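Student: Please find my_file_30.txt (compact mmCIF, C-alpha atoms) on the next line:
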```txt
# COMPACT_ATOMS: atom_id res chain seq x y z
CA MET A 21 53.49 -9.78 -50.03
CA MET A 22 51.96 -11.48 -47.06
CA SER A 23 54.24 -9.70 -44.59
CA ARG A 24 53.46 -6.37 -46.18
CA THR A 25 49.70 -6.99 -45.81
CA LEU A 26 50.15 -7.94 -42.17
CA PHE A 27 52.20 -4.80 -41.61
CA LEU A 28 49.45 -2.61 -43.12
CA ILE A 29 46.76 -4.28 -40.97
CA ALA A 30 48.86 -3.75 -37.84
CA ALA A 31 49.48 -0.09 -38.75
CA VAL A 32 45.75 0.54 -39.29
CA MET A 33 44.90 -1.15 -36.00
CA CYS A 34 47.44 0.93 -34.08
CA SER A 35 46.20 4.16 -35.62
CA CYS A 36 42.59 3.30 -34.68
CA ALA A 37 43.42 2.01 -31.24
CA HIS A 38 42.76 5.36 -29.60
CA ALA A 39 39.10 5.04 -30.59
CA PHE A 40 38.82 1.85 -28.54
CA ALA A 41 41.04 2.85 -25.63
CA PRO A 42 39.11 3.84 -22.50
CA SER A 43 39.36 7.48 -21.52
CA ALA A 44 39.44 8.65 -17.88
CA SER A 45 35.76 9.63 -17.97
CA ASN A 46 34.79 6.22 -19.35
CA ILE A 47 36.76 4.45 -16.65
CA GLN A 48 35.12 6.43 -13.80
CA SER A 49 31.55 6.13 -15.06
CA SER A 50 31.80 2.43 -15.74
CA SER A 51 33.66 1.40 -12.60
CA THR A 52 30.46 -0.16 -11.22
CA ALA A 53 29.86 -2.04 -14.43
CA LEU A 54 33.45 -3.26 -14.42
CA SER A 55 33.20 -4.49 -10.83
CA MET A 56 30.18 -6.62 -11.74
CA GLY A 57 30.57 -9.80 -13.69
CA LEU A 58 28.58 -10.55 -16.80
CA PHE A 59 26.13 -12.80 -14.98
CA ASP A 60 25.79 -10.36 -12.07
CA SER A 61 24.47 -7.69 -14.39
CA ILE A 62 22.03 -10.12 -15.99
CA THR A 63 20.81 -11.26 -12.58
CA LYS A 64 20.39 -7.67 -11.41
CA ALA A 65 18.31 -6.89 -14.47
CA PHE A 66 15.71 -9.43 -13.34
CA THR A 67 15.57 -8.53 -9.64
CA ASN A 68 13.39 -5.90 -8.06
CA GLU A 69 15.72 -4.80 -5.25
CA GLU A 70 15.41 -1.11 -6.05
CA TYR A 71 11.67 -1.08 -5.54
CA GLY A 72 11.29 -3.42 -2.56
CA PRO A 73 8.94 -6.35 -2.23
CA PRO A 74 5.52 -6.15 -3.87
CA PRO A 75 2.72 -5.02 -1.57
CA ASP A 76 0.29 -7.51 -0.12
CA ALA A 77 -2.89 -7.89 -2.11
CA VAL A 78 -5.81 -5.83 -0.82
CA LYS A 79 -8.36 -8.14 0.78
CA ALA A 80 -11.14 -7.97 3.34
CA THR A 81 -12.97 -10.49 5.47
CA ALA A 82 -16.56 -9.51 6.22
CA ARG A 83 -19.95 -10.69 7.46
CA HIS A 84 -23.34 -9.37 6.47
CA ILE A 85 -27.06 -9.71 6.97
CA LEU A 86 -29.11 -9.34 3.78
CA VAL A 87 -32.79 -8.45 4.11
CA PRO A 88 -35.34 -7.45 1.45
CA THR A 89 -36.57 -4.11 2.89
CA LEU A 90 -35.23 -1.08 4.70
CA GLU A 91 -37.73 -1.70 7.50
CA ASP A 92 -36.32 -5.21 8.01
CA ALA A 93 -32.77 -3.81 8.06
CA ASN A 94 -33.71 -1.23 10.70
CA GLU A 95 -35.47 -3.89 12.79
CA VAL A 96 -32.38 -6.12 12.74
CA LEU A 97 -30.15 -3.13 13.49
CA GLY A 98 -32.32 -2.33 16.51
CA LYS A 99 -31.95 -5.89 17.80
CA VAL A 100 -28.16 -5.71 17.41
CA ALA A 101 -28.06 -2.38 19.25
CA GLY A 102 -30.26 -3.80 22.01
CA GLY A 103 -27.85 -6.67 22.51
CA GLU A 104 -30.69 -9.20 22.27
CA ILE A 105 -28.71 -11.56 20.07
CA THR A 106 -25.31 -11.73 18.34
CA PHE A 107 -24.72 -10.58 14.78
CA ALA A 108 -24.16 -14.20 13.70
CA GLY A 109 -27.41 -15.24 15.38
CA LEU A 110 -29.32 -12.48 13.65
CA ALA A 111 -27.74 -13.41 10.31
CA SER A 112 -28.86 -17.03 10.64
CA GLN A 113 -32.34 -15.88 11.68
CA TYR A 114 -33.04 -12.98 9.29
CA SER A 115 -30.63 -13.05 6.32
CA THR A 116 -31.85 -14.16 2.89
CA CYS A 117 -28.27 -14.88 1.75
CA PRO A 118 -26.90 -18.46 1.74
CA SER A 119 -24.10 -17.13 3.99
CA LYS A 120 -26.61 -17.13 6.86
CA SER A 121 -25.59 -20.74 7.61
CA ARG A 122 -22.11 -19.39 8.43
CA GLY A 123 -23.34 -16.50 10.56
CA GLY A 124 -23.27 -14.19 7.54
CA SER A 125 -19.55 -14.79 6.88
CA LEU A 126 -18.49 -14.05 3.33
CA GLY A 127 -14.89 -15.10 3.87
CA SER A 128 -11.99 -13.19 2.38
CA PHE A 129 -12.35 -11.30 -0.91
CA SER A 130 -10.65 -8.67 -3.08
CA PRO A 131 -12.09 -5.38 -4.36
CA GLY A 132 -14.38 -5.95 -7.32
CA THR A 133 -15.62 -9.33 -6.09
CA MET A 134 -18.82 -7.97 -4.55
CA VAL A 135 -21.28 -5.48 -6.03
CA LYS A 136 -20.08 -1.88 -6.23
CA GLU A 137 -22.13 -0.47 -3.34
CA PHE A 138 -20.97 -3.28 -1.04
CA ASP A 139 -17.30 -2.86 -2.05
CA GLU A 140 -17.44 0.90 -1.50
CA VAL A 141 -18.37 0.35 2.14
CA VAL A 142 -16.05 -2.58 2.85
CA PHE A 143 -12.95 -0.97 1.30
CA ALA A 144 -13.61 2.64 2.35
CA PRO A 145 -10.78 4.07 4.50
CA ASP A 146 -13.27 5.45 7.05
CA THR A 147 -14.99 2.06 7.61
CA LYS A 148 -13.73 0.75 10.93
CA VAL A 149 -13.04 -2.93 11.46
CA GLY A 150 -15.61 -4.52 13.78
CA GLU A 151 -18.32 -1.84 13.44
CA ILE A 152 -21.72 -2.49 11.85
CA MET A 153 -22.17 -0.46 8.69
CA GLY A 154 -25.44 0.09 6.89
CA PRO A 155 -28.07 -0.43 5.85
CA VAL A 156 -26.46 -0.47 2.41
CA GLN A 157 -28.82 -0.88 -0.55
CA THR A 158 -27.79 -3.05 -3.50
CA GLN A 159 -29.68 -4.86 -6.24
CA PHE A 160 -30.11 -7.77 -3.80
CA GLY A 161 -31.68 -5.82 -0.95
CA TYR A 162 -30.34 -4.13 2.18
CA HIS A 163 -27.11 -5.20 3.88
CA LEU A 164 -25.80 -4.73 7.39
CA ILE A 165 -22.05 -5.23 7.07
CA VAL A 166 -19.27 -5.93 9.55
CA VAL A 167 -15.68 -5.86 8.27
CA ASP A 168 -13.68 -8.33 10.36
CA LYS A 169 -10.26 -7.83 8.76
CA ARG A 170 -8.49 -5.96 5.95
CA THR A 171 -5.02 -6.54 4.56
CA GLY A 172 -2.86 -4.77 2.02
CA GLY A 173 -3.65 -1.30 0.81
CA GLY A 174 -0.85 0.47 2.64
CA ASP A 175 -1.38 2.55 5.76
CA TRP A 176 -4.99 3.58 5.25
CA TYR A 177 -6.40 0.55 7.11
```
What is this structure when it is put down as C-alpha cells?

Tutor:
Amino acid sequence: MMSRTLFLIAAVMCSCAHAFAPSASNIQSSSTALSMGLFDSITKAFTNEEYGPPPDAVKATARHILVPTLEDANEVLGKVAGGEITFAGLASQYSTCPSKSRGGSLGSFSPGTMVKEFDEVVFAPDTKVGEIMGPVQTQFGYHLIVVDKRTGGGDWY
C-alpha cells in the first residue's frame, strides 16, 4: 500500500511539473535576477544607486544691518556707497541686532530659519552673492543684507 501511495504522489508531481518548469520567456526576463544572489538583491533594494547621491542641503551665509526706520537704512546705505566705512563697521555702529558684535554676521542657515521677508531675499535666485540688498522691511525693522555664500539648491545659485 505504501509503494502504491508513493507511486501516485510521483505521478501527480510529474503531471504538474510543467507548471513549475521555467519557460523560455521566464528564463530571458529573469536572467538578471538569476545572476544576482539572494543577498545581492536585498542589498540593492536598500541602495539609492539609480537616483544618485542626495543633494546638498540648501543653506546661506549672510550678514545684515538692522535699523528701526527706513531713513536710518537709507543713511547707512549712503555711507556704504560712499565707501566711508566697511559693512562690518557700519553693522557694529548702527545695527540694533545682537549680531552687530560679529559685524552683522548671522552665520549659516537654512530656508525657513529667518522671517519670511528676509528669507525671500536671501534665497532668491536673482540675489547675487556679495551685493547689498535692501532695505528689506520685516517685523523687526529694516535690513540691509549681504549674502556671503549659498550652497545646495542645484544650478540656480

Student: I'd like the neighbourhood of range 124-129 of chain A as a ChimeraX atom specification, where a residue qualifies if any of its atoms comes within 9 Å (using all atoms listed in the file), though same-chain residues fewer than 2 positions away should be ignored.

Tutor: /A:78-86,107-112,115,117-122,131-134,169-170

Student: Looking at A:Ile165, A:Gln159, A:Val96, A:Ala77, which one is nearest to Val141 in chain A, with distances taken over only C-alpha atoms?

Tutor: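 Once distances to Val141 in chain A are computed over only C-alpha atoms, the minimum belongs to A:Ile165.
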
Student: Env of Gln157 in chain A: 10 Å cut, atoms = only C-alpha atoms, seq-sep filter 6 positions within chain, self excluded. Answer as number ranges by chain.

Tutor: A: 86-90, 93, 137-138, 163-164

Student: Using Å and a single decimal, report how far CA of Val135 in chain A sits from CA of Ala101 in chain A.

Tutor: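 A separation of 26.4 Å between them.
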
Student: To one decimal in Å, tell me the separation between CA of Gly150 in chain A and CA of Lys99 in chain A.

Tutor: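 It comes out at 16.9 Å.
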
Student: What would range 116-140 of chain A look like with N, CA, C and O atoms in place, written as an mmCIF file, keeping the file's coordinate frame?

Tutor:
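Result saved to selection_33.cif:
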```
data_model
loop_
_atom_site.group_PDB
_atom_site.id
_atom_site.type_symbol
_atom_site.label_atom_id
_atom_site.label_comp_id
_atom_site.auth_asym_id
_atom_site.auth_seq_id
_atom_site.Cartn_x
_atom_site.Cartn_y
_atom_site.Cartn_z
ATOM 1 N N THR A 116 -31.358 -13.384 4.040
ATOM 2 C CA THR A 116 -31.850 -14.160 2.890
ATOM 3 C C THR A 116 -30.694 -14.697 2.049
ATOM 4 O O THR A 116 -30.920 -15.349 1.040
ATOM 5 N N CYS A 117 -29.468 -14.429 2.473
ATOM 6 C CA CYS A 117 -28.270 -14.880 1.750
ATOM 7 C C CYS A 117 -27.886 -16.288 2.223
ATOM 8 O O CYS A 117 -28.039 -16.603 3.404
ATOM 9 N N PRO A 118 -27.366 -17.130 1.320
ATOM 10 C CA PRO A 118 -26.900 -18.460 1.740
ATOM 11 C C PRO A 118 -25.801 -18.403 2.817
ATOM 12 O O PRO A 118 -25.607 -19.377 3.543
ATOM 13 N N SER A 119 -25.140 -17.256 2.963
ATOM 14 C CA SER A 119 -24.100 -17.130 3.990
ATOM 15 C C SER A 119 -24.681 -17.158 5.403
ATOM 16 O O SER A 119 -23.936 -17.238 6.374
ATOM 17 N N LYS A 120 -25.996 -17.126 5.525
ATOM 18 C CA LYS A 120 -26.610 -17.130 6.860
ATOM 19 C C LYS A 120 -26.263 -18.399 7.636
ATOM 20 O O LYS A 120 -26.188 -18.381 8.860
ATOM 21 N N SER A 121 -25.974 -19.495 6.932
ATOM 22 C CA SER A 121 -25.590 -20.740 7.610
ATOM 23 C C SER A 121 -24.210 -20.638 8.250
ATOM 24 O O SER A 121 -23.858 -21.445 9.097
ATOM 25 N N ARG A 122 -23.441 -19.633 7.855
ATOM 26 C CA ARG A 122 -22.110 -19.390 8.430
ATOM 27 C C ARG A 122 -22.102 -18.116 9.268
ATOM 28 O O ARG A 122 -21.071 -17.474 9.424
ATOM 29 N N GLY A 123 -23.245 -17.716 9.750
ATOM 30 C CA GLY A 123 -23.340 -16.500 10.560
ATOM 31 C C GLY A 123 -23.163 -15.239 9.735
ATOM 32 O O GLY A 123 -22.796 -14.197 10.255
ATOM 33 N N GLY A 124 -23.408 -15.332 8.437
ATOM 34 C CA GLY A 124 -23.270 -14.190 7.540
ATOM 35 C C GLY A 124 -21.869 -14.014 6.979
ATOM 36 O O GLY A 124 -21.605 -13.080 6.227
ATOM 37 N N SER A 125 -20.947 -14.924 7.323
ATOM 38 C CA SER A 125 -19.550 -14.790 6.880
ATOM 39 C C SER A 125 -19.424 -14.958 5.380
ATOM 40 O O SER A 125 -19.912 -15.937 4.804
ATOM 41 N N LEU A 126 -18.754 -14.007 4.767
ATOM 42 C CA LEU A 126 -18.490 -14.050 3.330
ATOM 43 C C LEU A 126 -17.060 -14.491 3.030
ATOM 44 O O LEU A 126 -16.665 -14.571 1.877
ATOM 45 N N GLY A 127 -16.282 -14.726 4.065
ATOM 46 C CA GLY A 127 -14.890 -15.100 3.870
ATOM 47 C C GLY A 127 -14.054 -13.916 3.457
ATOM 48 O O GLY A 127 -14.417 -12.763 3.668
ATOM 49 N N SER A 128 -12.936 -14.211 2.813
ATOM 50 C CA SER A 128 -11.990 -13.190 2.380
ATOM 51 C C SER A 128 -12.171 -12.924 0.893
ATOM 52 O O SER A 128 -12.313 -13.855 0.108
ATOM 53 N N PHE A 129 -12.149 -11.648 0.490
ATOM 54 C CA PHE A 129 -12.350 -11.300 -0.910
ATOM 55 C C PHE A 129 -11.600 -10.026 -1.259
ATOM 56 O O PHE A 129 -11.259 -9.235 -0.394
ATOM 57 N N SER A 130 -11.369 -9.834 -2.548
ATOM 58 C CA SER A 130 -10.650 -8.670 -3.080
ATOM 59 C C SER A 130 -11.649 -7.634 -3.582
ATOM 60 O O SER A 130 -12.807 -7.969 -3.852
ATOM 61 N N PRO A 131 -11.208 -6.387 -3.759
ATOM 62 C CA PRO A 131 -12.090 -5.380 -4.360
ATOM 63 C C PRO A 131 -12.564 -5.835 -5.736
ATOM 64 O O PRO A 131 -11.806 -6.429 -6.497
ATOM 65 N N GLY A 132 -13.814 -5.570 -6.028
ATOM 66 C CA GLY A 132 -14.380 -5.950 -7.320
ATOM 67 C C GLY A 132 -15.077 -7.304 -7.297
ATOM 68 O O GLY A 132 -15.711 -7.688 -8.266
ATOM 69 N N THR A 133 -14.964 -8.028 -6.194
ATOM 70 C CA THR A 133 -15.620 -9.330 -6.090
ATOM 71 C C THR A 133 -17.108 -9.164 -5.800
ATOM 72 O O THR A 133 -17.942 -9.865 -6.358
ATOM 73 N N MET A 134 -17.432 -8.242 -4.927
ATOM 74 C CA MET A 134 -18.820 -7.970 -4.550
ATOM 75 C C MET A 134 -19.374 -6.836 -5.413
ATOM 76 O O MET A 134 -18.641 -6.187 -6.150
ATOM 77 N N VAL A 135 -20.675 -6.582 -5.275
ATOM 78 C CA VAL A 135 -21.280 -5.480 -6.030
ATOM 79 C C VAL A 135 -20.683 -4.154 -5.574
ATOM 80 O O VAL A 135 -20.172 -4.032 -4.451
ATOM 81 N N LYS A 136 -20.758 -3.169 -6.437
ATOM 82 C CA LYS A 136 -20.080 -1.880 -6.230
ATOM 83 C C LYS A 136 -20.432 -1.228 -4.898
ATOM 84 O O LYS A 136 -19.545 -0.785 -4.160
ATOM 85 N N GLU A 137 -21.712 -1.147 -4.563
ATOM 86 C CA GLU A 137 -22.130 -0.470 -3.340
ATOM 87 C C GLU A 137 -21.563 -1.170 -2.092
ATOM 88 O O GLU A 137 -21.191 -0.523 -1.119
ATOM 89 N N PHE A 138 -21.507 -2.486 -2.141
ATOM 90 C CA PHE A 138 -20.970 -3.280 -1.040
ATOM 91 C C PHE A 138 -19.469 -3.025 -0.906
ATOM 92 O O PHE A 138 -18.963 -2.758 0.182
ATOM 93 N N ASP A 139 -18.756 -3.108 -2.031
ATOM 94 C CA ASP A 139 -17.300 -2.860 -2.050
ATOM 95 C C ASP A 139 -16.941 -1.474 -1.532
ATOM 96 O O ASP A 139 -15.954 -1.304 -0.828
ATOM 97 N N GLU A 140 -17.731 -0.475 -1.917
ATOM 98 C CA GLU A 140 -17.440 0.900 -1.500
ATOM 99 C C GLU A 140 -17.444 1.031 0.019
ATOM 100 O O GLU A 140 -16.657 1.789 0.577
#
```
